[in-house]
Amino acid sequence: MKKLSLIAILTSIMIMASSAFCFADGGFDLVSSYPEDGQTNTSMENLGVKLTFSKPLSSAEAQKANADKLAIYDEDGKAIPVQILFSDDEKGLVLVLADVDEGFVAKNKSEYKLVISGDLVDNDGDVLGADKTVSFKTYNQRVNNKDNR
């Protein structure tokens with residue numbers, strides 16, 4: 001009987017200990033980007049980066065706090081004007097688009113770098129913690145327009 005009681009107690013302890021891992025919060029992090037870091041031959045039209053984070057960051061408070069936490073730089077290190085769109089429908093989706101209304105024109109066969117500040121916050125106030133970058137290069141439009149007759 002003592003052996004059976006001991007087994008029951010140990011089983012209960014193991015279940016309680018493992019349930020903490022089942023409900024543990026995964027943290028706030030960048031899950032994916034498109035284009036991916038290092039990608040080449042990206043489109044010059046509608047230049048931008050689609051980001052997916054592990055947690056939503058679309059609340060009014062998070063959007064306000066994150067207004068200056070995402071930037072795209074050209075290969076000379078100059079910040080280009082951007083529009084940042086936070087999705088209410090898709091958890092963690094953020095679009096960072098070059099703002100053509102501000103006169104931006106993407107350059108042919110040029111490198112761009114998106115910088116995400118480590119101070120970026122999600123809806124719960126969790127901080128990303130470290131800066132992240134996504135570098136990509138536009139395609140050579142001159143080669144694509146070549147007539148191969």
# chains A, B, ... in the order shown; residues from 1 in each chain; ligands from 1
call {"tool": "residues_around", "arguments": {"residues": "region 126-139 of chain A", "least_positions_apart": "5", "cutoff": "7 Å", "atoms": "only C-alpha atoms", "output": "PyMOL selection string"}}
result
chain A and resi 28-29+35-44+108-121
call {"tool": "residues_around", "arguments": {"residues": "region 61-63 of chain A", "least_positions_apart": "2", "cutoff": "8 Å", "atoms": "only C-alpha atoms", "output": "ChimeraX atom specification"}}
result
/A:57-59,65-67,86,121-123,125
call {"tool": "write_last_selection", "arguments": {"atoms": "N, CA, C and O atoms", "output": "short mmCIF file (atom, residue, chain, number, x, y, z; two decimals), in the first residue's frame"}}
result
data_model
loop_
_atom_site.label_atom_id
_atom_site.label_comp_id
_atom_site.auth_asym_id
_atom_site.auth_seq_id
_atom_site.Cartn_x
_atom_site.Cartn_y
_atom_site.Cartn_z
N LEU A 57 1.18 42.73 -32.24
CA LEU A 57 1.61 44.06 -31.84
C LEU A 57 0.79 45.12 -32.56
O LEU A 57 1.30 46.11 -33.05
N SER A 58 -0.52 44.87 -32.60
CA SER A 58 -1.43 45.75 -33.34
C SER A 58 -2.27 46.66 -32.45
O SER A 58 -3.05 47.46 -32.96
N SER A 59 -2.13 46.55 -31.13
CA SER A 59 -2.91 47.44 -30.26
C SER A 59 -2.48 48.89 -30.50
O SER A 59 -1.37 49.15 -30.95
N ALA A 65 3.97 53.05 -29.63
CA ALA A 65 5.32 52.81 -29.08
C ALA A 65 6.30 52.36 -30.16
O ALA A 65 7.50 52.63 -30.07
N ASN A 66 5.79 51.68 -31.20
CA ASN A 66 6.66 51.11 -32.23
C ASN A 66 6.81 51.98 -33.48
O ASN A 66 7.46 51.58 -34.44
N ALA A 67 6.23 53.17 -33.47
CA ALA A 67 6.23 54.03 -34.66
C ALA A 67 7.63 54.32 -35.20
O ALA A 67 7.81 54.45 -36.41
N PHE A 86 0.25 47.57 -39.33
CA PHE A 86 0.08 46.50 -38.36
C PHE A 86 -1.24 45.81 -38.64
O PHE A 86 -2.27 46.46 -38.74
N VAL A 121 7.91 46.53 -29.01
CA VAL A 121 7.08 45.89 -27.99
C VAL A 121 5.84 45.24 -28.60
O VAL A 121 5.34 45.69 -29.62
N ASP A 122 5.36 44.19 -27.95
CA ASP A 122 4.12 43.54 -28.39
C ASP A 122 2.95 44.13 -27.60
O ASP A 122 3.13 45.05 -26.79
N ASN A 123 1.76 43.61 -27.83
CA ASN A 123 0.55 44.12 -27.16
C ASN A 123 0.62 44.01 -25.64
O ASN A 123 -0.03 44.77 -24.92
N GLY A 125 3.36 44.38 -23.87
CA GLY A 125 4.47 45.17 -23.35
C GLY A 125 5.79 44.42 -23.31
O GLY A 125 6.79 44.95 -22.82
#
call {"tool": "atom_distance", "arguments": {"atom1": "CA of Val96 (chain A)", "atom2": "CA of Asp76 (chain A)"}}
result
19.2 Å
call {"tool": "atom_distance", "arguments": {"atom1": "CA of Ala106 (chain A)", "atom2": "CA of Ile72 (chain A)"}}
result
11.6 Å
call {"tool": "residues_around", "arguments": {"residues": "Ser87 (chain A)", "least_positions_apart": "4", "cutoff": "9 Å", "atoms": "only C-alpha atoms", "output": "ChimeraX atom specification"}}
result
/A:56-58,91-95
call {"tool": "select_by_dssp", "arguments": {"residues": "region 87-143 of chain A", "states": "helix (DSSP H, G or I)", "output": "PyMOL selection string"}}
result
chain A and resi 100-102+141-143
call {"tool": "write_last_selection", "arguments": {"atoms": "N, CA, C and O atoms", "output": "compact mmCIF listing (two decimals), in the first residue's frame"}}
result
# COMPACT_ATOMS: atom_id res chain seq x y z
N VAL A 100 6.31 55.63 -51.33
CA VAL A 100 6.47 56.28 -52.63
C VAL A 100 5.77 57.64 -52.66
O VAL A 100 6.12 58.49 -53.46
N ASP A 101 4.83 57.85 -51.77
CA ASP A 101 4.16 59.16 -51.69
C ASP A 101 5.13 60.24 -51.22
O ASP A 101 4.89 61.42 -51.42
N GLU A 102 6.22 59.83 -50.59
CA GLU A 102 7.25 60.76 -50.13
C GLU A 102 8.36 60.91 -51.16
O GLU A 102 9.42 61.47 -50.87
N GLN A 141 16.96 45.38 -63.07
CA GLN A 141 15.86 45.66 -63.99
C GLN A 141 16.33 45.70 -65.44
O GLN A 141 15.63 45.29 -66.34
N ARG A 142 17.56 46.15 -65.68
CA ARG A 142 18.08 46.25 -67.05
C ARG A 142 18.16 44.88 -67.72
O ARG A 142 17.86 44.73 -68.89
N VAL A 143 18.53 43.86 -66.95
CA VAL A 143 18.60 42.50 -67.51
C VAL A 143 17.20 41.99 -67.80
O VAL A 143 16.96 41.35 -68.83
